[in-house]
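Listing of work27.cif, mmCIF, C-alpha atoms
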```cif
data_structure
loop_
_atom_site.label_atom_id
_atom_site.label_comp_id
_atom_site.auth_asym_id
_atom_site.auth_seq_id
_atom_site.Cartn_x
_atom_site.Cartn_y
_atom_site.Cartn_z
CA MET E 21 92.32 20.54 16.60
CA ARG E 22 91.13 21.58 13.16
CA LEU E 23 91.61 18.02 11.89
CA ARG E 24 89.48 16.67 14.73
CA LEU E 25 86.72 19.19 14.01
CA ARG E 26 86.70 18.22 10.34
CA ARG E 27 86.30 14.55 11.26
CA VAL E 28 83.39 15.35 13.57
CA TYR E 29 81.78 17.52 10.87
CA LYS E 30 82.07 14.71 8.29
CA ARG E 31 80.46 12.22 10.70
CA ILE E 32 77.55 14.61 11.33
CA ARG E 33 77.03 15.09 7.58
CA ARG E 34 77.02 11.34 6.96
CA ARG E 35 74.42 10.79 9.71
CA THR E 36 72.17 13.67 8.61
CA SER E 37 72.39 12.44 5.02
CA ALA E 38 71.16 8.99 6.09
CA LEU E 39 68.35 10.55 8.12
CA GLY E 40 67.36 12.64 5.10
CA GLN E 41 66.96 9.50 3.01
CA GLU E 42 64.76 7.98 5.72
CA PHE E 43 62.63 11.14 5.92
CA GLN E 44 62.08 10.99 2.16
CA ILE E 45 60.27 7.67 2.62
CA ILE E 46 57.76 9.16 5.10
CA PRO E 47 55.84 11.27 2.52
CA LEU E 48 55.58 8.21 0.28
CA MET E 49 54.18 6.19 3.18
CA LEU E 50 51.66 8.94 3.93
CA LEU E 51 50.57 9.04 0.29
CA ALA E 52 50.17 5.26 0.30
CA LEU E 53 48.00 5.43 3.43
CA LEU E 54 45.91 8.21 1.91
CA PHE E 55 45.38 6.19 -1.28
CA LEU E 56 44.38 3.12 0.75
CA SER E 57 41.93 5.18 2.80
CA LEU E 58 40.36 6.67 -0.32
CA SER E 59 40.10 3.23 -1.89
CA LEU E 60 38.31 1.81 1.14
CA SER E 61 36.00 4.81 1.27
CA GLY E 62 35.24 4.41 -2.42
CA TYR E 63 34.41 0.75 -1.90
CA ARG E 64 32.10 1.62 0.98
CA LEU E 65 30.41 4.28 -1.14
CA LEU E 66 30.00 1.93 -4.09
CA VAL E 67 29.02 -1.33 -2.39
CA GLN E 68 28.07 -0.68 1.20
CA GLY E 69 25.88 2.31 0.50
CA GLY E 70 27.64 5.22 2.20
CA ALA E 71 25.35 8.21 1.91
CA LEU E 72 26.10 10.86 -0.68
CA ASP E 73 23.37 13.42 -1.19
CA HIS E 74 22.94 13.75 -4.93
CA SER E 75 21.45 17.21 -4.94
CA LEU E 76 22.99 20.41 -3.60
CA ALA E 77 19.61 22.10 -3.81
CA ARG E 78 18.06 19.36 -1.68
CA SER E 79 20.86 19.69 0.88
CA LEU E 80 20.35 23.45 1.13
CA LEU E 81 16.59 22.96 1.39
CA ASP E 82 17.03 20.43 4.18
CA LEU E 83 19.30 22.82 6.07
CA GLY E 84 17.00 25.81 5.61
CA MET E 85 13.74 23.92 6.17
CA PRO E 86 14.34 21.05 8.61
CA ALA E 87 10.66 20.17 8.68
CA VAL E 88 10.85 19.25 5.00
CA SER E 89 13.94 17.07 5.16
CA GLY E 90 12.12 13.91 6.22
CA ALA E 91 8.80 14.69 4.63
CA GLU E 92 8.54 12.17 1.84
CA PRO E 93 8.39 8.68 3.37
CA ASP E 94 11.11 6.19 2.58
CA ARG E 95 13.17 8.85 0.83
CA GLU E 96 16.53 7.26 0.21
CA SER E 97 20.01 8.76 0.58
CA TRP E 98 21.38 8.49 -2.92
CA ASN E 99 24.82 7.02 -3.46
CA LEU E 100 26.74 5.48 -6.31
CA HIS E 101 25.59 1.98 -5.40
CA LEU E 102 21.91 3.00 -5.53
CA PHE E 103 22.48 4.92 -8.74
CA LEU E 104 23.97 1.84 -10.42
CA TYR E 105 21.08 -0.28 -9.12
CA TRP E 106 18.59 2.22 -10.54
CA LEU E 107 20.49 2.32 -13.85
CA THR E 108 21.12 -1.40 -14.38
CA GLY E 109 18.87 -3.30 -11.97
CA PHE E 110 21.92 -5.08 -10.49
CA ASP E 111 22.69 -5.04 -6.78
CA LEU E 112 26.48 -5.08 -6.41
CA ARG E 113 26.05 -6.58 -2.95
CA ASP E 114 24.46 -9.66 -4.54
CA PRO E 115 27.01 -11.07 -7.02
CA LEU E 116 25.03 -14.32 -7.26
CA ARG E 117 22.12 -12.39 -8.71
CA MET E 118 24.42 -10.92 -11.38
CA VAL E 119 25.63 -14.40 -12.32
CA GLU E 120 22.07 -15.74 -12.41
CA ASP E 121 20.89 -13.00 -14.74
CA SER E 122 23.67 -13.82 -17.18
CA LEU E 123 22.29 -17.36 -17.66
CA PRO E 124 20.23 -18.16 -20.80
CA PHE E 125 17.13 -18.91 -18.69
CA SER E 126 16.93 -15.90 -16.42
CA PRO E 127 15.57 -16.52 -12.92
CA ARG E 128 13.66 -13.27 -13.31
CA ALA E 129 11.25 -15.28 -15.41
CA VAL E 130 10.89 -17.72 -12.51
CA ALA E 131 9.54 -14.89 -10.34
CA GLN E 132 6.67 -14.53 -12.82
CA MET E 133 5.82 -18.22 -12.33
CA ARG E 134 4.85 -18.06 -8.67
CA ILE E 135 2.60 -20.92 -7.63
CA TRP E 136 -0.49 -19.11 -6.39
CA GLU E 137 -3.05 -20.75 -4.14
CA ASP E 138 -6.29 -19.34 -5.50
CA ARG E 139 -8.87 -19.70 -2.74
CA PRO E 140 -12.66 -19.99 -2.95
CA PHE E 141 -14.59 -16.87 -2.09
CA VAL E 142 -16.64 -16.42 1.07
CA PHE E 143 -18.33 -13.03 0.72
CA ILE E 144 -18.43 -12.43 -3.03
CA GLN E 145 -21.66 -14.39 -3.45
CA GLU E 146 -23.44 -11.59 -1.59
CA LEU E 147 -23.68 -9.91 -5.00
CA THR E 148 -26.36 -11.75 -6.95
CA PHE E 149 -24.72 -10.94 -10.28
CA ALA E 150 -21.35 -12.40 -9.27
CA PRO E 151 -20.60 -15.23 -11.75
CA ASP E 152 -19.77 -18.58 -10.15
CA PRO E 153 -18.32 -17.00 -6.99
CA VAL E 154 -16.95 -20.08 -5.26
CA ARG E 155 -15.18 -21.74 -8.18
CA THR E 156 -11.39 -21.57 -8.10
CA PRO E 157 -10.03 -20.17 -11.40
CA ASP E 158 -8.14 -22.58 -13.64
CA TRP E 159 -4.39 -21.98 -13.46
CA GLY E 160 -2.92 -20.37 -16.53
CA VAL E 161 -6.22 -20.08 -18.44
CA ALA E 162 -7.64 -16.68 -19.29
CA PRO E 163 -11.35 -16.13 -18.53
CA GLY E 164 -12.25 -15.83 -22.21
CA GLU E 165 -10.62 -19.19 -22.95
CA ARG E 166 -12.90 -20.98 -20.47
CA GLY E 167 -15.98 -20.10 -22.49
CA GLU E 168 -17.06 -17.32 -20.14
CA ALA E 169 -17.17 -13.61 -20.75
CA ALA E 170 -13.93 -11.82 -20.03
CA PRO E 171 -14.17 -8.90 -17.57
CA SER E 172 -15.20 -5.74 -19.35
CA GLY E 173 -15.62 -3.30 -16.46
CA PRO E 174 -13.18 -0.64 -15.28
CA LYS E 175 -9.51 -1.57 -15.18
CA ILE E 176 -7.78 -1.51 -11.80
CA LEU E 177 -4.04 -1.64 -11.11
CA ILE E 178 -2.97 -3.36 -7.88
CA TYR E 179 0.67 -3.17 -6.80
CA HIS E 180 2.71 -3.22 -3.61
CA THR E 181 5.30 -0.58 -2.68
CA HIS E 182 6.21 -2.60 0.42
CA THR E 183 6.20 -5.99 -1.26
CA SER E 184 7.84 -7.61 1.76
CA GLU E 185 5.01 -7.02 4.27
CA MET E 186 3.74 -10.12 6.09
CA TYR E 187 0.84 -11.00 8.40
CA LEU E 188 1.84 -12.60 11.70
CA GLY E 189 -1.47 -12.78 13.56
CA ARG E 190 -1.51 -12.25 17.31
CA ALA E 191 2.00 -13.77 17.50
CA SER E 192 3.35 -10.39 16.39
CA GLU E 193 2.56 -9.08 19.87
CA GLY E 194 5.15 -11.50 21.26
CA GLY E 195 8.16 -9.69 19.85
CA GLN E 196 8.54 -11.23 16.38
CA ALA E 197 9.25 -7.87 14.78
CA ALA E 198 12.04 -9.29 12.62
CA ALA E 199 9.52 -11.46 10.75
CA THR E 200 7.17 -8.63 9.82
CA HIS E 201 8.99 -8.19 6.51
CA TYR E 202 10.24 -11.00 4.29
CA MET E 203 13.85 -10.48 3.22
CA PHE E 204 13.96 -11.02 -0.54
CA ARG E 205 17.30 -12.26 -1.85
CA SER E 206 16.83 -10.91 -5.37
CA GLN E 207 14.22 -9.97 -7.95
CA ALA E 208 14.18 -13.66 -8.93
CA ASP E 209 12.89 -14.72 -5.51
CA PRO E 210 9.54 -16.49 -6.16
CA THR E 211 8.30 -16.13 -2.57
CA ILE E 212 4.70 -14.98 -2.14
CA THR E 213 4.40 -12.56 0.77
CA GLY E 214 1.27 -11.73 2.74
CA VAL E 215 0.37 -8.58 0.83
CA MET E 216 1.03 -10.35 -2.48
CA ALA E 217 -1.46 -13.10 -1.56
CA VAL E 218 -4.05 -10.51 -0.53
CA GLY E 219 -3.48 -8.55 -3.74
CA ARG E 220 -3.97 -11.72 -5.77
CA HIS E 221 -7.21 -12.53 -3.94
CA LEU E 222 -8.50 -8.99 -4.42
CA SER E 223 -7.65 -9.22 -8.12
CA ASN E 224 -9.55 -12.51 -8.47
CA ALA E 225 -12.54 -11.12 -6.57
CA LEU E 226 -12.69 -8.04 -8.78
CA ASN E 227 -12.39 -10.20 -11.91
CA SER E 228 -15.35 -12.29 -10.75
CA LEU E 229 -17.35 -9.08 -10.39
CA GLY E 230 -16.60 -7.99 -13.95
CA PHE E 231 -13.60 -5.72 -13.34
CA GLN E 232 -10.36 -5.91 -15.29
CA THR E 233 -7.26 -6.00 -13.10
CA ILE E 234 -3.50 -5.83 -13.36
CA HIS E 235 -1.80 -7.32 -10.31
CA GLU E 236 1.85 -6.23 -10.34
CA THR E 237 4.06 -8.35 -8.06
CA ARG E 238 7.38 -6.73 -8.85
CA ILE E 239 9.60 -6.54 -5.76
CA HIS E 240 10.10 -2.91 -4.71
CA THR E 241 11.91 -3.42 -1.40
CA LEU E 242 15.28 -4.17 -3.04
CA PRO E 243 18.04 -3.26 -2.44
CA SER E 244 16.44 -1.70 0.65
CA ILE E 245 12.96 -0.83 1.86
CA ASN E 246 14.16 2.78 1.88
CA ASN E 247 14.08 2.66 -1.93
CA SER E 248 10.53 1.31 -2.14
CA TYR E 249 8.65 4.42 -3.26
CA SER E 250 11.26 5.34 -5.86
CA ASN E 251 11.13 1.79 -7.22
CA SER E 252 7.34 1.60 -7.28
CA GLU E 253 7.10 5.00 -8.94
CA ARG E 254 9.05 3.64 -11.92
CA THR E 255 6.75 0.61 -12.02
CA VAL E 256 3.56 2.67 -11.94
CA ARG E 257 4.81 5.08 -14.58
CA GLU E 258 5.69 2.17 -16.85
CA ILE E 259 2.27 0.50 -16.46
CA LEU E 260 0.31 3.74 -16.86
CA SER E 261 2.18 4.52 -20.07
CA LYS E 262 0.99 1.19 -21.51
CA HIS E 263 -2.55 1.20 -20.08
CA LYS E 264 -4.18 4.59 -20.51
CA ASP E 265 -7.60 3.25 -19.47
CA ILE E 266 -6.79 2.42 -15.84
CA ALA E 267 -9.58 3.75 -13.63
CA LEU E 268 -8.09 3.11 -10.18
CA VAL E 269 -4.56 2.59 -8.86
CA ILE E 270 -4.32 0.63 -5.59
CA ASP E 271 -1.09 0.46 -3.60
CA LEU E 272 -1.96 -2.42 -1.27
CA HIS E 273 -0.18 -2.49 2.11
CA ARG E 274 -0.81 -3.85 5.55
CA ASP E 275 -0.65 -1.66 8.63
CA ALA E 276 0.88 -2.25 12.07
CA GLY E 277 -0.10 -1.47 15.64
CA VAL E 278 -3.86 -1.30 15.05
CA PRO E 279 -5.60 -1.58 18.47
CA ASN E 280 -8.73 -3.38 17.19
CA PRO E 281 -7.57 -5.13 14.02
CA THR E 282 -10.74 -7.13 13.23
CA VAL E 283 -14.47 -6.66 12.82
CA ARG E 284 -17.12 -9.39 12.91
CA ILE E 285 -18.97 -9.88 9.61
CA ASN E 286 -21.43 -12.76 9.18
CA GLY E 287 -19.82 -14.67 12.01
CA ARG E 288 -16.25 -14.28 10.73
CA ASP E 289 -13.31 -12.16 11.89
CA VAL E 290 -12.33 -9.81 9.06
CA ALA E 291 -9.27 -7.55 9.02
CA ARG E 292 -10.09 -3.86 9.15
CA ILE E 293 -9.12 -1.57 6.28
CA ALA E 294 -7.85 2.01 6.08
CA ILE E 295 -7.36 4.34 3.12
CA VAL E 296 -4.30 6.60 3.14
CA VAL E 297 -4.11 9.79 1.08
CA GLY E 298 -1.00 11.92 0.69
CA THR E 299 -1.72 15.56 -0.12
CA ALA E 300 1.86 16.96 -0.08
CA GLN E 301 0.49 20.25 1.23
CA ASN E 302 3.42 20.71 3.62
CA ILE E 303 6.23 19.76 1.24
CA PRO E 304 7.53 21.50 -1.91
CA LEU E 305 6.46 18.72 -4.29
CA PRO E 306 3.69 19.08 -6.90
CA HIS E 307 0.54 17.06 -6.32
CA PRO E 308 -2.33 18.50 -8.37
CA ASN E 309 -4.57 15.42 -7.98
CA TYR E 310 -4.81 15.18 -4.23
CA GLN E 311 -8.33 16.65 -4.03
CA GLU E 312 -9.64 14.04 -6.49
CA ASN E 313 -7.89 11.27 -4.56
CA LEU E 314 -9.31 12.56 -1.29
CA GLU E 315 -12.86 12.79 -2.63
CA LEU E 316 -12.64 9.23 -3.96
CA ALA E 317 -11.33 8.00 -0.62
CA TYR E 318 -14.33 9.45 1.24
CA ARG E 319 -16.77 8.04 -1.33
CA ILE E 320 -15.31 4.56 -0.79
CA LYS E 321 -15.33 5.06 2.98
CA ASN E 322 -19.01 6.11 2.98
CA ALA E 323 -20.01 3.16 0.80
CA CYS E 324 -18.08 0.79 3.06
CA ASP E 325 -19.71 2.20 6.20
CA ALA E 326 -23.13 1.58 4.67
CA LEU E 327 -22.31 -2.01 3.68
CA TYR E 328 -20.02 -3.11 6.52
CA PRO E 329 -20.16 -0.80 9.56
CA GLY E 330 -16.89 -0.76 11.49
CA LEU E 331 -14.85 -2.40 8.73
CA MET E 332 -13.09 0.73 7.51
CA ARG E 333 -11.08 2.91 9.84
CA PRO E 334 -11.02 6.71 9.35
CA VAL E 335 -9.33 8.00 6.20
CA GLN E 336 -5.73 8.92 6.98
CA VAL E 337 -4.59 12.19 5.39
CA HIS E 338 -0.84 12.86 5.36
CA LYS E 339 0.19 16.37 4.33
CA GLU E 340 3.90 15.52 4.31
CA ALA E 341 3.86 12.90 1.54
CA ARG E 342 2.57 12.01 -1.93
CA TYR E 343 2.97 8.21 -1.91
CA ASN E 344 3.19 8.33 -5.74
CA GLN E 345 -0.47 9.35 -5.83
CA HIS E 346 0.45 12.32 -8.00
CA LEU E 347 0.78 9.89 -10.92
CA HIS E 348 -2.98 9.28 -11.30
CA PRO E 349 -6.14 11.18 -10.25
CA ALA E 350 -7.59 8.00 -8.69
CA SER E 351 -4.65 6.59 -6.76
CA LEU E 352 -4.96 5.41 -3.15
CA ILE E 353 -3.14 3.38 -0.52
CA PHE E 354 -5.25 0.62 1.02
CA GLU E 355 -4.00 -0.72 4.33
CA VAL E 356 -5.68 -4.14 4.25
CA GLY E 357 -5.34 -5.43 7.78
CA SER E 358 -2.39 -5.11 10.11
CA VAL E 359 0.60 -7.21 11.07
CA GLU E 360 -1.52 -8.42 14.00
CA ASN E 361 -4.04 -9.97 11.59
CA THR E 362 -3.87 -13.47 10.17
CA LEU E 363 -3.61 -13.96 6.43
CA GLU E 364 -7.10 -15.47 6.39
CA GLU E 365 -8.56 -12.34 8.00
CA ALA E 366 -6.83 -10.16 5.40
CA LEU E 367 -8.07 -12.34 2.52
CA LEU E 368 -11.65 -11.93 3.74
CA ALA E 369 -11.07 -8.17 3.91
CA ALA E 370 -9.99 -8.22 0.26
CA GLU E 371 -13.31 -9.81 -0.70
CA VAL E 372 -15.48 -7.28 1.10
CA LEU E 373 -13.33 -4.48 -0.33
CA ALA E 374 -14.13 -5.81 -3.81
CA ASN E 375 -17.83 -5.70 -2.92
CA VAL E 376 -17.44 -2.05 -1.92
CA LEU E 377 -15.45 -0.99 -4.98
CA VAL E 378 -17.97 -2.48 -7.40
CA ARG E 379 -20.58 -0.09 -5.99
CA VAL E 380 -18.38 3.00 -6.18
CA LEU E 381 -16.55 2.77 -9.51
#
```
Let me see whether you can do it: turn the structure in this file into structure tokens.
Amino acid sequence: MRLRLRRVYKRIRRRTSALGQEFQIIPLMLLALLFLSLSLSGYRLLVQGGALDHSLARSLLDLGMPAVSGAEPDRESWNLHLFLYWLTGFDLRDPLRMVEDSLPFSPRAVAQMRIWEDRPFVFIQELTFAPDPVRTPDWGVAPGERGEAAPSGPKILIYHTHTSEMYLGRASEGGQAAATHYMFRSQADPTITGVMAVGRHLSNALNSLGFQTIHETRIHTLPSINNSYSNSERTVREILSKHKDIALVIDLHRDAGVPNPTVRINGRDVARIAIVVGTAQNIPLPHPNYQENLELAYRIKNACDALYPGLMRPVQVHKEARYNQHLHPASLIFEVGSVENTLEEALLAAEVLANVLVRVL
């Protein structure tokens, strides 16, 4: 009996010993799964843009003051991928761009060689002192090199936070929302969007009226339109540090959903314009210049109403945003037309806007 019990006991020990070895593998498998999960999460955070709020103070502020959390427009959720893009200018989701930028002739230079279609002016000749208003400027030749006087008036910076904005005309009412923004592939993309073309035309019109202009066409909607205002802030800071004499900063956009997007001027349909001012009164961000910006906006609006009644919509004041207007005491957003306008209507609006600005500045 005892011998039989010993044999049974030995069998049980052998079986439990084998099971123990199998159970030892389970923790290793769990650790392997955990490592794989962390690796995939890290990849998503790095490349796919998983949100990671970079500031504990901002998180606490958002929790304690919900009204503030979405105050600044296009405020991005910071993550490692966006941080690396901000630090290096490389989008890890676009490996082709990284390869291109390693070539001796960088495609970034190609973006500065956009083939612009400089168009003759229609309304600029209304100013009797406008020099040669209908002549198309020579490509690549500075005004002073053509034997004419270079612009010597105030210097104006024109840039585009939402570089991707397009004009679709009345077709936009048919559900073509996906085409309202051009999807840039990289900073080397030489495409000219609607707002870029309007900014160029405004720059040319102001030059013809004696103003100096800087038209900045850097793409700010990469890697996402949510990063636009952060990107354009860096651009504006860089330009202002090099040009201390800039008198006006224009962030040129186009609007959307405007009920009556055109006004009739001299027998032509012209896109309507709106000025947007961010005062930041309802958010905890400093903006000491908003009163100066607001006063300038109303001066331009009053001058426009006197010259072109109905062209300019009411000034839009947003207390929950700054729109980078804290960087300069004369910084404004101009919504030149709407997505429902044609490009031609917006180009005409740029000309009449130049006529207004020359009387205000």
>> At a cut-off of 9 Å around the point (3.2, -5.3, -8.1) (file coordinates), what residues fall inside when counting all atoms listed in the file? I'd like the answer as a PyMOL selection string.
In response: chain E and resi 177-181+183+216+219+234-240+252+255-256+271
> Just so the selection is clear, what residues does the PyMOL selection byres ((chain E and resi 263) around 12) cover here, as a ChimeraX atom specification?
Replying inline: /E:174-177,232-234,256-262,264-269,348
Who sits within 12 Å of Leu272 (chain E), all atoms listed in the file, same chain under 4 positions skipped, as a short mmCIF file (atom, residue, chain, number, x, y, z; two decimals) with C-alpha atoms, in the frame of the given file:
```
data_model
loop_
_atom_site.label_atom_id
_atom_site.label_comp_id
_atom_site.auth_asym_id
_atom_site.auth_seq_id
_atom_site.Cartn_x
_atom_site.Cartn_y
_atom_site.Cartn_z
CA LEU E 177 -4.04 -1.64 -11.11
CA ILE E 178 -2.97 -3.36 -7.88
CA TYR E 179 0.67 -3.17 -6.80
CA HIS E 180 2.71 -3.22 -3.61
CA THR E 181 5.30 -0.58 -2.68
CA HIS E 182 6.21 -2.60 0.42
CA THR E 183 6.20 -5.99 -1.26
CA SER E 184 7.84 -7.61 1.76
CA GLU E 185 5.01 -7.02 4.27
CA GLY E 214 1.27 -11.73 2.74
CA VAL E 215 0.37 -8.58 0.83
CA MET E 216 1.03 -10.35 -2.48
CA ALA E 217 -1.46 -13.10 -1.56
CA VAL E 218 -4.05 -10.51 -0.53
CA GLY E 219 -3.48 -8.55 -3.74
CA ARG E 220 -3.97 -11.72 -5.77
CA HIS E 221 -7.21 -12.53 -3.94
CA LEU E 222 -8.50 -8.99 -4.42
CA SER E 223 -7.65 -9.22 -8.12
CA HIS E 235 -1.80 -7.32 -10.31
CA GLU E 236 1.85 -6.23 -10.34
CA THR E 237 4.06 -8.35 -8.06
CA SER E 252 7.34 1.60 -7.28
CA ILE E 293 -9.12 -1.57 6.28
CA ALA E 294 -7.85 2.01 6.08
CA ILE E 295 -7.36 4.34 3.12
CA VAL E 296 -4.30 6.60 3.14
CA TYR E 343 2.97 8.21 -1.91
CA SER E 351 -4.65 6.59 -6.76
CA LEU E 352 -4.96 5.41 -3.15
CA ILE E 353 -3.14 3.38 -0.52
CA PHE E 354 -5.25 0.62 1.02
CA GLU E 355 -4.00 -0.72 4.33
CA VAL E 356 -5.68 -4.14 4.25
CA GLY E 357 -5.34 -5.43 7.78
CA SER E 358 -2.39 -5.11 10.11
CA ALA E 366 -6.83 -10.16 5.40
CA ALA E 369 -11.07 -8.17 3.91
CA ALA E 370 -9.99 -8.22 0.26
CA LEU E 373 -13.33 -4.48 -0.33
#
```
> Counting all atoms listed in the file, which of E:Val359, E:Ile212, E:Ala291, E:Ile245 gets nearest to Ala276 (chain E)?
Replying inline: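 Ranking E:Val359, E:Ile212, E:Ala291, E:Ile245 by distance to Ala276 (chain E), first place goes to E:Val359.
Between CA of Ala341 (chain E) and CA of Asn375 (chain E) there is a distance of 28.9 Å.
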Take every atom of region 247-251 of chain E listed in the file, pad by 8 Å on each side, and give me the axis-aligned box centre and edge lengths in Å, one decimal, as AutoDock Vina command-line options.
```
--center_x 11.4 --center_y 3.3 --center_z -4.6 --size_x 21.4 --size_y 20.0 --size_z 21.3
```
